[in-house]
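J.: query_10.txt is reproduced below (compact mmCIF, C-alpha atoms).
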# COMPACT_ATOMS: atom_id res chain seq x y z
CA MET A 95 -4.64 -44.82 0.86
CA VAL A 96 -7.50 -43.25 2.77
CA THR A 97 -5.20 -41.09 4.85
CA ALA A 98 -3.26 -39.95 1.77
CA SER A 99 -6.37 -38.73 -0.03
CA PHE A 100 -7.64 -37.17 3.19
CA LEU A 101 -4.38 -35.29 3.66
CA TRP A 102 -4.41 -34.18 0.02
CA ASN A 103 -7.96 -32.88 0.41
CA LEU A 104 -7.07 -31.08 3.60
CA THR A 105 -4.05 -29.40 1.99
CA LYS A 106 -6.11 -28.34 -0.99
CA LYS A 107 -8.80 -26.83 1.22
CA THR A 108 -6.26 -25.03 3.41
CA VAL A 109 -4.47 -23.51 0.43
CA THR A 110 -7.74 -22.42 -1.16
CA GLY A 111 -8.91 -20.89 2.10
CA GLY A 112 -5.61 -19.12 2.54
CA LEU A 113 -5.72 -17.68 -0.97
CA ILE A 114 -9.28 -16.43 -0.56
CA GLY A 115 -8.50 -14.99 2.87
CA LEU A 116 -5.40 -13.24 1.62
CA THR A 117 -7.29 -11.75 -1.31
CA ILE A 118 -10.10 -10.48 0.90
CA SER A 119 -7.69 -8.99 3.42
CA ASP A 120 -5.69 -7.30 0.67
CA ARG A 121 -8.53 -5.93 -1.39
CA TYR A 122 -11.57 -5.46 0.80
CA ALA A 123 -11.17 -5.53 4.54
CA SER A 124 -8.86 -6.79 7.24
CA VAL A 125 -8.36 -6.68 10.98
CA ALA A 126 -5.50 -4.95 12.76
CA SER A 127 -4.57 -4.68 16.39
CA VAL A 128 -3.77 -1.32 17.93
CA GLN A 129 -0.86 -0.99 20.28
CA GLY A 130 0.43 1.98 22.13
CA LEU A 131 -1.15 5.10 23.47
CA SER A 132 -0.82 7.47 20.54
CA MET A 133 -4.57 7.35 19.78
CA HIS A 134 -5.46 7.25 23.46
CA PRO A 135 -9.09 8.36 23.92
CA THR A 136 -10.20 6.67 20.70
CA PHE A 137 -8.33 3.37 21.00
CA ASN A 138 -6.90 1.61 24.06
CA PRO A 139 -8.63 3.74 26.72
CA GLY A 140 -7.54 1.44 29.53
CA THR A 141 -4.19 1.52 31.23
CA PRO A 142 -1.46 -0.32 29.36
CA SER A 143 -0.52 -3.74 30.64
CA PHE A 144 2.09 -6.36 29.89
CA LEU A 145 -0.31 -8.27 27.69
CA GLY A 146 -0.10 -5.48 25.08
CA SER A 147 -1.40 -7.16 21.92
CA LEU A 148 -3.97 -9.27 23.79
CA THR A 149 -5.66 -6.40 25.57
CA GLY A 150 -5.28 -3.84 22.81
CA ASP A 151 -8.20 -2.90 20.62
CA HIS A 152 -8.74 -4.70 17.35
CA VAL A 153 -10.10 -2.66 14.49
CA LEU A 154 -11.64 -3.30 11.11
CA VAL A 155 -9.72 -1.76 8.21
CA GLU A 156 -11.44 -1.22 4.90
CA LYS A 157 -9.45 -1.04 1.68
CA PHE A 158 -12.00 0.27 -0.81
CA SER A 159 -10.70 3.80 -0.34
CA LEU A 160 -7.37 2.68 -1.83
CA GLU A 161 -8.94 2.41 -5.31
CA LYS A 162 -9.04 6.18 -5.65
CA TYR A 163 -7.03 7.33 -2.60
CA LYS A 164 -9.91 9.60 -1.62
CA PHE A 165 -9.83 10.45 2.05
CA SER A 166 -11.58 13.06 4.16
CA HIS A 167 -10.37 15.21 7.00
CA GLY A 168 -10.64 13.34 10.27
CA ASP A 169 -10.40 9.80 8.82
CA VAL A 170 -8.38 7.35 10.87
CA ILE A 171 -5.94 5.56 8.60
CA ILE A 172 -3.34 2.82 8.85
CA PHE A 173 -0.10 3.42 6.99
CA ARG A 174 3.47 2.20 6.74
CA ALA A 175 5.83 4.31 8.81
CA PRO A 176 7.96 6.49 6.52
CA SER A 177 11.11 5.71 8.49
CA ASN A 178 10.56 1.95 8.73
CA HIS A 179 8.55 0.07 6.12
CA ARG A 180 7.94 -2.90 8.40
CA GLU A 181 5.98 -0.88 10.96
CA LYS A 182 2.41 0.21 10.52
CA HIS A 183 0.97 3.18 12.33
CA ILE A 184 -2.61 4.26 12.97
CA LYS A 185 -3.26 8.00 13.02
CA ARG A 186 -5.86 10.57 12.10
CA ILE A 187 -5.71 12.66 8.93
CA ILE A 188 -5.59 16.34 9.83
CA ALA A 189 -4.84 17.91 6.47
CA LEU A 190 -5.00 16.85 2.84
CA PRO A 191 -3.14 18.08 -0.28
CA GLY A 192 -3.44 21.80 -0.80
CA ASP A 193 -4.35 22.64 2.81
CA TRP A 194 -2.33 25.01 4.92
CA ILE A 195 -1.66 23.67 8.37
CA ARG A 196 -0.62 25.61 11.45
CA ILE A 197 2.20 24.12 13.45
CA PRO A 198 3.21 25.57 16.81
CA SER A 199 6.94 25.65 16.09
CA TYR A 200 6.56 26.69 12.49
CA ASP A 201 4.24 29.20 10.95
CA ALA A 202 2.09 27.50 8.36
CA LEU A 203 2.91 24.70 5.97
CA LYS A 204 1.27 23.82 2.69
CA ILE A 205 0.68 20.10 2.27
CA PRO A 206 2.27 19.08 -1.06
CA GLU A 207 0.42 17.21 -3.80
CA GLY A 208 -0.19 13.54 -2.93
CA HIS A 209 0.63 13.90 0.74
CA CYS A 210 -1.33 14.20 3.96
CA TRP A 211 -0.72 15.36 7.51
CA VAL A 212 -1.38 12.76 10.21
CA GLU A 213 -1.48 13.12 13.97
CA GLY A 214 -2.40 10.92 16.88
CA ASP A 215 -5.32 11.84 19.11
CA ASN A 216 -3.05 11.81 22.13
CA SER A 217 -0.67 14.55 21.12
CA ALA A 218 1.44 14.10 24.26
CA SER A 219 2.74 10.65 23.30
CA SER A 220 2.47 10.35 19.58
CA LEU A 221 5.16 10.13 16.93
CA ASP A 222 3.51 11.61 13.88
CA SER A 223 3.72 14.25 11.16
CA ARG A 224 4.87 16.79 13.73
CA SER A 225 8.18 14.94 13.80
CA TYR A 226 8.46 13.49 10.28
CA GLY A 227 6.41 15.89 8.21
CA PRO A 228 3.66 15.15 5.71
CA ILE A 229 3.53 11.53 4.49
CA PRO A 230 2.85 10.35 0.92
CA LEU A 231 -0.65 8.94 0.44
CA GLY A 232 0.95 5.93 -1.25
CA LEU A 233 1.94 4.62 2.18
CA VAL A 234 -1.68 4.38 3.29
CA GLU A 235 -2.89 0.79 3.69
CA GLY A 236 -6.51 1.34 4.63
CA ARG A 237 -9.09 3.28 6.60
CA VAL A 238 -10.13 2.25 10.09
CA THR A 239 -13.92 2.06 10.32
CA HIS A 240 -14.95 0.00 13.37
CA ILE A 241 -13.64 -1.28 16.65
CA ILE A 242 -14.52 -4.97 16.78
CA TRP A 243 -12.71 -6.20 19.87
CA PRO A 244 -13.18 -6.07 22.88
CA PRO A 245 -16.93 -6.64 22.35
CA GLN A 246 -18.12 -4.09 24.90
CA ARG A 247 -16.39 -1.36 22.93
CA PHE A 248 -17.76 -2.48 19.55
CA GLY A 249 -18.71 0.50 17.44
CA GLU A 250 -17.92 2.83 14.64
CA VAL A 251 -14.84 5.05 14.71
CA GLU A 252 -16.17 8.52 14.22
CA ARG A 253 -14.59 11.11 12.02
CA ARG A 254 -13.35 13.98 14.15
CA ILE A 255 -11.98 17.23 12.87
CA PRO A 256 -9.84 19.21 15.26
CA GLN A 257 -10.67 22.89 15.33
CA GLY A 258 -8.33 25.67 14.47
CA ARG A 259 -5.54 23.68 12.87
CA LEU A 260 -6.15 24.58 9.26
CA SER A 261 -5.66 28.07 7.98
CA SER A 262 -7.31 28.73 4.67
CA MET B 145 -48.22 -38.10 -9.15
CA ILE B 146 -48.05 -34.33 -8.65
CA SER B 147 -45.75 -34.63 -5.67
CA GLY B 148 -43.43 -36.84 -7.73
CA ARG B 149 -43.24 -34.25 -10.48
CA LEU B 150 -42.59 -31.53 -7.93
CA ARG B 151 -39.78 -33.56 -6.49
CA ASN B 152 -38.32 -33.94 -9.96
CA VAL B 153 -38.41 -30.20 -10.56
CA ALA B 154 -36.87 -29.54 -7.16
CA ALA B 155 -34.06 -31.97 -7.86
CA GLN B 156 -33.43 -30.32 -11.22
CA TRP B 157 -33.23 -26.87 -9.65
CA LYS B 158 -30.96 -28.17 -6.95
CA SER B 159 -28.52 -29.59 -9.46
CA ILE B 160 -28.56 -26.33 -11.46
CA ALA B 161 -27.89 -24.30 -8.32
CA LYS B 162 -25.08 -26.62 -7.32
CA GLU B 163 -23.48 -26.36 -10.74
CA ALA B 164 -23.73 -22.55 -10.72
CA MET B 165 -22.20 -22.49 -7.25
CA ASP B 166 -19.31 -24.69 -8.40
CA ARG B 167 -18.65 -22.52 -11.45
CA THR B 168 -18.68 -19.34 -9.35
CA LEU B 169 -16.27 -20.90 -6.91
CA ILE B 170 -13.88 -21.83 -9.70
CA VAL B 171 -13.94 -18.27 -11.08
CA ALA B 172 -13.46 -16.84 -7.58
CA LYS B 173 -10.51 -19.15 -6.95
CA PHE B 174 -8.98 -18.14 -10.26
CA PHE B 175 -9.21 -14.45 -9.33
CA CYS B 176 -7.76 -15.12 -5.91
CA ILE B 177 -4.78 -16.96 -7.38
CA LEU B 178 -4.29 -14.14 -9.88
CA HIS B 179 -4.40 -11.53 -7.12
CA VAL B 180 -1.99 -13.37 -4.84
CA THR B 181 0.45 -13.99 -7.71
CA ASN B 182 0.29 -10.35 -8.74
CA THR B 183 0.72 -9.02 -5.23
CA TYR B 184 3.21 -11.39 -3.71
CA ILE B 185 5.23 -13.00 -6.51
CA CYS B 186 5.44 -11.09 -9.74
CA SER B 187 3.32 -9.02 -12.05
CA PRO B 188 3.58 -7.61 -15.56
CA CYS B 189 3.67 -3.87 -15.85
CA HIS B 190 3.57 -1.44 -18.75
CA VAL B 191 6.00 1.45 -18.46
CA HIS B 192 6.39 4.37 -20.84
CA GLY B 193 7.92 7.79 -20.92
CA PRO B 194 11.35 9.24 -21.51
CA SER B 195 12.69 9.10 -17.95
CA MET B 196 14.40 5.70 -18.15
CA LEU B 197 16.03 6.07 -21.59
CA PRO B 198 18.12 4.21 -22.78
CA THR B 199 17.25 1.27 -20.53
CA LEU B 200 13.54 1.36 -21.26
CA ASN B 201 12.04 2.65 -24.50
CA ILE B 202 10.09 5.86 -24.78
CA THR B 203 7.16 4.17 -26.52
CA GLY B 204 6.54 1.69 -23.78
CA ASP B 205 7.83 -1.66 -22.62
CA VAL B 206 6.11 -4.46 -20.77
CA ILE B 207 8.30 -5.54 -17.89
CA LEU B 208 7.97 -8.17 -15.20
CA ALA B 209 8.34 -6.91 -11.66
CA GLU B 210 8.91 -9.30 -8.79
CA ARG B 211 7.45 -8.45 -5.41
CA ILE B 212 9.56 -10.67 -3.20
CA SER B 213 12.82 -8.78 -2.75
CA SER B 214 11.15 -5.47 -1.95
CA ARG B 215 9.08 -7.19 0.72
CA LEU B 216 12.16 -8.83 2.21
CA GLY B 217 14.13 -5.59 2.11
CA LYS B 218 16.66 -6.87 -0.43
CA VAL B 219 16.52 -3.91 -2.80
CA ALA B 220 20.05 -2.65 -3.51
CA PRO B 221 21.48 0.35 -5.35
CA GLY B 222 21.38 -0.19 -9.11
CA ASP B 223 18.05 -2.02 -9.14
CA ILE B 224 15.19 -0.74 -11.26
CA VAL B 225 12.17 -0.46 -9.00
CA LEU B 226 8.52 0.40 -9.37
CA VAL B 227 7.67 3.16 -6.95
CA ARG B 228 4.28 4.57 -6.06
CA SER B 229 4.74 8.20 -6.98
CA PRO B 230 4.79 10.38 -3.84
CA GLU B 231 2.98 13.10 -5.73
CA ASN B 232 0.20 10.93 -7.12
CA PRO B 233 -0.49 7.70 -5.25
CA ARG B 234 -2.43 6.23 -8.17
CA LYS B 235 0.60 6.29 -10.44
CA LEU B 236 3.53 3.89 -10.49
CA VAL B 237 6.87 5.07 -11.81
CA ALA B 238 9.93 3.03 -12.78
CA LYS B 239 13.22 4.43 -11.52
CA ARG B 240 16.67 3.22 -10.56
CA VAL B 241 17.73 3.11 -6.92
CA LEU B 242 20.89 5.14 -6.40
CA GLY B 243 21.20 5.22 -2.64
CA MET B 244 19.88 3.47 0.43
CA GLU B 245 19.42 4.92 3.91
CA GLY B 246 22.58 6.50 5.27
CA ASP B 247 24.25 6.78 1.84
CA ARG B 248 25.56 10.08 0.57
CA VAL B 249 24.19 10.84 -2.88
CA THR B 250 25.65 13.50 -5.15
CA PHE B 251 23.53 14.63 -8.06
CA LEU B 252 23.34 17.34 -10.69
CA VAL B 253 20.50 19.65 -9.75
CA ASP B 254 19.52 20.59 -13.29
CA PRO B 255 21.92 19.33 -15.97
CA LYS B 256 20.15 21.32 -18.70
CA VAL B 257 20.97 24.64 -17.07
CA SER B 258 24.18 24.33 -15.11
CA ASP B 259 26.76 21.97 -13.64
CA ARG B 260 25.73 22.80 -10.10
CA TYR B 261 25.62 19.70 -7.96
CA GLU B 262 24.42 18.94 -4.49
CA SER B 263 24.91 16.09 -2.15
CA VAL B 264 22.54 14.79 0.49
CA ILE B 265 22.47 11.99 3.01
CA VAL B 266 19.46 9.70 2.55
CA PRO B 267 17.44 9.62 5.82
CA LYS B 268 16.48 6.48 7.68
CA GLY B 269 13.98 4.24 5.94
CA HIS B 270 14.21 6.11 2.65
CA VAL B 271 15.80 5.46 -0.74
CA TRP B 272 17.04 7.78 -3.44
CA VAL B 273 15.56 7.02 -6.88
CA GLN B 274 16.48 8.62 -10.16
CA GLY B 275 15.72 8.04 -13.83
CA ASP B 276 18.50 6.95 -16.18
CA ASN B 277 17.79 9.92 -18.42
CA ILE B 278 18.74 12.75 -16.12
CA TYR B 279 17.59 15.36 -18.62
CA ALA B 280 13.95 14.32 -18.66
CA SER B 281 13.11 12.65 -15.42
CA HIS B 282 10.98 13.68 -12.50
CA ASP B 283 12.55 11.91 -9.57
CA SER B 284 14.18 12.28 -6.16
CA ARG B 285 15.95 15.41 -7.40
CA ASN B 286 12.51 17.05 -7.43
CA PHE B 287 10.62 15.37 -4.61
CA GLY B 288 13.48 14.20 -2.42
CA PRO B 289 14.15 10.73 -1.03
CA VAL B 290 11.12 8.42 -1.00
CA PRO B 291 10.10 6.13 1.89
CA TYR B 292 10.99 2.48 1.32
CA GLY B 293 7.34 1.55 1.85
CA LEU B 294 6.48 3.10 -1.52
CA ILE B 295 8.56 0.55 -3.44
CA GLN B 296 6.15 -1.88 -5.05
CA GLY B 297 8.50 -4.22 -6.86
CA LYS B 298 11.78 -4.75 -8.61
CA ALA B 299 11.83 -4.97 -12.40
CA PHE B 300 13.90 -7.91 -13.57
CA CYS B 301 12.80 -8.87 -17.05
CA ARG B 302 11.48 -7.23 -20.20
CA ILE B 303 8.89 -9.33 -22.03
CA TRP B 304 7.81 -6.99 -24.79
CA PRO B 305 8.92 -5.91 -27.41
CA TYR B 306 10.34 -9.28 -28.38
CA ASP B 307 13.70 -8.08 -29.68
CA GLY B 308 14.45 -6.52 -26.32
CA PHE B 309 13.45 -9.64 -24.42
CA GLY B 310 15.74 -10.44 -21.55
CA SER B 311 16.80 -9.53 -18.08
CA LEU B 312 17.25 -5.92 -17.02
CA GLY B 313 20.47 -4.95 -15.36
Transcribe the structure of this file into structure tokens.
T.:
Amino acid sequence: MVTASFLWNLTKKTVTGGLIGLTISDRYASVASVQGLSMHPTFNPGTPSFLGSLTGDHVLVEKFSLEKYKFSHGDVIIFRAPSNHREKHIKRIIALPGDWIRIPSYDALKIPEGHCWVEGDNSASSLDSRSYGPIPLGLVEGRVTHIIWPPQRFGEVERRIPQGRLSS
Amino acid sequence: MISGRLRNVAAQWKSIAKEAMDRTLIVAKFFCILHVTNTYICSPCHVHGPSMLPTLNITGDVILAERISSRLGKVAPGDIVLVRSPENPRKLVAKRVLGMEGDRVTFLVDPKVSDRYESVIVPKGHVWVQGDNIYASHDSRNFGPVPYGLIQGKAFCRIWPYDGFGSLG
């Protein structure tokens, strides 16, 4: 009987812990791993290796900004890819609703209401708004605030605004 | 004597603190269960507006939306879904899915003015959503196909008003 009650207790504690963890990661903050080179100088500065997800940076994602969907220029966000809802991408917000953005191939584009323009820091190898256009803000899952792993690179992710992209 | 009394007081405070802690934990657990149920299983939702007439009333219905099939990618044409509006991420709208990725959708551009129709092919990872009341609906005909990731749930049951209780086709 001792083992039965022990198992029951263990199950109860695991389920409770899981529920609390899930709630916190949905509503307040969670951790995500960064793969790929699209944000190169900011995340994953080393050379890529076969151990992709083990050596990649891990970042802290806060979800408070989802209450009001208020973002600033230069924020790094995580969002569901518009062409595949199972993938999540991490990019930097370049333009917000109402801005006019300059694109090399195009003249200038006005970002529609409720959308934003995202680009990777490493423009040479990044699949971003330059190929699929502005994305709806509803796809955003959180804002990246800190790098937490590896420990020697621990620190805040700064907000960076590229010059000369917006035309007012 | 004094030390004994002190110990008594300390014990009292300890039991009060423990009780408060337990109560807080119960409330926290309750909120967690509520959140997980709402996000991952199903949640009630109040919808109003003319865009889904005659399926949903203009004055407002409370419907149950399940979150499982949209997460598993099982949404099919004909389903009523809750979509985060692409124009205002804080708003959810209820629409019917008319086409999945790769489908060709033909629609009347503006039925109030003319019979002109257009047809488009829904791009990869997107769905075409439209209201049942094509005369008063702001939907994919205005903002184009929406990414699948904006679908928040599939409406399957109306729970209020009582006379309309039942499953939604």
J.: Quick one: of A:Gly140, A:Pro135, A:Gly111, A:Gly168, who's nearest to chain B, counting all atoms listed in the file?
T.: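 Checking each of A:Gly140, A:Pro135, A:Gly111, A:Gly168 against chain B, counting all atoms listed in the file, the winner is A:Gly111.
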J.: Restrict the distance test to only C-alpha atoms, flag each residue of chain A within 12 Å of chain B, and return the flagged residues as a PyMOL selection string.
T.: chain A and resi 106-107+109-121+159-164+173-182+191-192+205-210+226+228-235
J.: In Å, how far is it from atom CA of B:Ala209 to atom CA of A:Phe165?
T.: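 Value for the atom CA of B:Ala209-atom CA of A:Phe165 distance: 28.6 Å.
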J.: Do you know which residues lie at most 6 Å from (20.4, 4.2, 0.5), with coordinates as in the file and all atoms listed in the file counted, and could you write them as a PDB file with C-alpha atoms, in the coordinates of the input?
T.:
ATOM      1  CA  GLY B 243      21.200   5.220  -2.640  1.00  0.00           C
ATOM      2  CA  MET B 244      19.880   3.470   0.430  1.00  0.00           C
ATOM      3  CA  GLU B 245      19.420   4.920   3.910  1.00  0.00           C
ATOM      4  CA  GLY B 246      22.580   6.500   5.270  1.00  0.00           C
ATOM      5  CA  ASP B 247      24.250   6.780   1.840  1.00  0.00           C
ATOM      6  CA  VAL B 266      19.460   9.700   2.550  1.00  0.00           C
ATOM      7  CA  VAL B 271      15.800   5.460  -0.740  1.00  0.00           C
TER       8      VAL B 271
END
J.: Which residue gives the smallest distance to B:Ile278 among B:Val191, B:Val237, B:Val253, B:Leu208, with only C-alpha atoms counted?
T.: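 Between B:Val191, B:Val237, B:Val253, B:Leu208, the residue approaching B:Ile278 most closely is B:Val253.
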J.: Which residue, A:Ser99, A:Ser220, A:Thr105, A:Ser261, has the smallest gap to A:Asp193 when you use only C-alpha atoms?
T.: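 For A:Asp193, the nearest of the given residues is A:Ser261.
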J.: Around all the atoms of stretch 255-261 of chain B listed in the file, with 8 Å of room on each side, what axis-aligned box do you get, giving centre and edge lengths in Å to one decimal, as lines of an AutoDock Vina configuration file?
T.:
center_x = 23.5
center_y = 22.0
center_z = -13.3
size_x = 22.6
size_y = 21.3
size_z = 26.7
J.: I want to know what sits within 7 Å of stretch 242-249 of chain A, based on all atoms listed in the file, with residues of the same chain fewer than 6 positions away left out; could you give that as a PyMOL selection string?
T.: chain A and resi 151-154
J.: Quick one: distance from atom CA of A:Lys204 to atom CA of A:Gly258 in Å, one decimal?
T.: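 It comes out at 15.3 Å.
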J.: When you look at B:Ser214 with a cut-off of 8 Å (counting only C-alpha atoms), what residues show up, excluding the ones that are within fewer than 6 positions of it in the same chain? I need them as a list in words.
T.: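 Surrounding residues, per the criterion: Ile295, Gln296, Gly297 and Lys298 of chain B.
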J.: Between atom CA of B:Asp166 and atom CA of A:Ser124, what is the distance in Å, rounded to a tenth?
T.: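 Going from atom CA of B:Asp166 over to atom CA of A:Ser124 covers 26.0 Å.
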J.: Write out as a count of residues only the residues lying within 12 Å of A:Thr136, counting all atoms listed in the file and excluding same-chain residues fewer than 6 positions away.
T.: 25
J.: Between B:Thr199, B:Ser263, B:Thr168, B:Ser213, which residue has the minimum interatomic distance to B:Ile185, considering all atoms listed in the file?
T.: B:Ser213
J.: Give as an mmCIF file with C-alpha atoms, in the frame of the given file the set of residues within 12 Å of the point (9.4, -9.5, -24.5), where distances use the file's coordinates and all atoms listed in the file.
T.:
data_model
loop_
_atom_site.group_PDB
_atom_site.id
_atom_site.type_symbol
_atom_site.label_atom_id
_atom_site.label_comp_id
_atom_site.auth_asym_id
_atom_site.auth_seq_id
_atom_site.Cartn_x
_atom_site.Cartn_y
_atom_site.Cartn_z
ATOM 1 C CA PRO B 188 3.580 -7.610 -15.560
ATOM 2 C CA CYS B 189 3.670 -3.870 -15.850
ATOM 3 C CA HIS B 190 3.570 -1.440 -18.750
ATOM 4 C CA GLY B 204 6.540 1.690 -23.780
ATOM 5 C CA ASP B 205 7.830 -1.660 -22.620
ATOM 6 C CA VAL B 206 6.110 -4.460 -20.770
ATOM 7 C CA ILE B 207 8.300 -5.540 -17.890
ATOM 8 C CA LEU B 208 7.970 -8.170 -15.200
ATOM 9 C CA PHE B 300 13.900 -7.910 -13.570
ATOM 10 C CA CYS B 301 12.800 -8.870 -17.050
ATOM 11 C CA ARG B 302 11.480 -7.230 -20.200
ATOM 12 C CA ILE B 303 8.890 -9.330 -22.030
ATOM 13 C CA TRP B 304 7.810 -6.990 -24.790
ATOM 14 C CA PRO B 305 8.920 -5.910 -27.410
ATOM 15 C CA TYR B 306 10.340 -9.280 -28.380
ATOM 16 C CA ASP B 307 13.700 -8.080 -29.680
ATOM 17 C CA GLY B 308 14.450 -6.520 -26.320
ATOM 18 C CA PHE B 309 13.450 -9.640 -24.420
ATOM 19 C CA GLY B 310 15.740 -10.440 -21.550
ATOM 20 C CA SER B 311 16.800 -9.530 -18.080
ATOM 21 C CA LEU B 312 17.250 -5.920 -17.020
#
J.: Could you complete stretch 95-109 of chain A so that it carries N, CA and C atoms, and give it back as a JSON list (two decimals), in the frame of the given file?
T.:
[["chain", "number", "residue", "atom", "x", "y", "z"],
["A", 95, "MET", "N", -4.31, -45.74, 1.96],
["A", 95, "MET", "CA", -4.64, -44.82, 0.86],
["A", 95, "MET", "C", -5.64, -43.77, 1.33],
["A", 96, "VAL", "N", -6.47, -44.17, 2.28],
["A", 96, "VAL", "CA", -7.50, -43.25, 2.77],
["A", 96, "VAL", "C", -6.85, -42.00, 3.39],
["A", 97, "THR", "N", -5.83, -42.23, 4.19],
["A", 97, "THR", "CA", -5.20, -41.09, 4.85],
["A", 97, "THR", "C", -4.52, -40.17, 3.84],
["A", 98, "ALA", "N", -3.94, -40.76, 2.78],
["A", 98, "ALA", "CA", -3.26, -39.95, 1.77],
["A", 98, "ALA", "C", -4.25, -39.01, 1.09],
["A", 99, "SER", "N", -5.38, -39.58, 0.67],
["A", 99, "SER", "CA", -6.37, -38.73, -0.03],
["A", 99, "SER", "C", -6.97, -37.72, 0.94],
["A", 100, "PHE", "N", -7.11, -38.11, 2.20],
["A", 100, "PHE", "CA", -7.64, -37.17, 3.19],
["A", 100, "PHE", "C", -6.68, -36.00, 3.38],
["A", 101, "LEU", "N", -5.39, -36.33, 3.48],
["A", 101, "LEU", "CA", -4.38, -35.29, 3.66],
["A", 101, "LEU", "C", -4.35, -34.36, 2.44],
["A", 102, "TRP", "N", -4.44, -34.96, 1.26],
["A", 102, "TRP", "CA", -4.41, -34.18, 0.02],
["A", 102, "TRP", "C", -5.59, -33.20, -0.01],
["A", 103, "ASN", "N", -6.77, -33.72, 0.36],
["A", 103, "ASN", "CA", -7.96, -32.88, 0.41],
["A", 103, "ASN", "C", -7.80, -31.74, 1.39],
["A", 104, "LEU", "N", -7.24, -32.08, 2.55],
["A", 104, "LEU", "CA", -7.07, -31.08, 3.60],
["A", 104, "LEU", "C", -6.12, -29.97, 3.12],
["A", 105, "THR", "N", -5.02, -30.39, 2.49],
["A", 105, "THR", "CA", -4.05, -29.40, 1.99],
["A", 105, "THR", "C", -4.70, -28.50, 0.97],
["A", 106, "LYS", "N", -5.47, -29.12, 0.06],
["A", 106, "LYS", "CA", -6.11, -28.34, -0.99],
["A", 106, "LYS", "C", -7.06, -27.30, -0.39],
["A", 107, "LYS", "N", -7.83, -27.75, 0.60],
["A", 107, "LYS", "CA", -8.80, -26.83, 1.22],
["A", 107, "LYS", "C", -8.08, -25.70, 1.97],
["A", 108, "THR", "N", -7.00, -26.06, 2.66],
["A", 108, "THR", "CA", -6.26, -25.03, 3.41],
["A", 108, "THR", "C", -5.69, -23.99, 2.48],
["A", 109, "VAL", "N", -5.08, -24.46, 1.37],
["A", 109, "VAL", "CA", -4.47, -23.51, 0.43],
["A", 109, "VAL", "C", -5.54, -22.62, -0.18]]
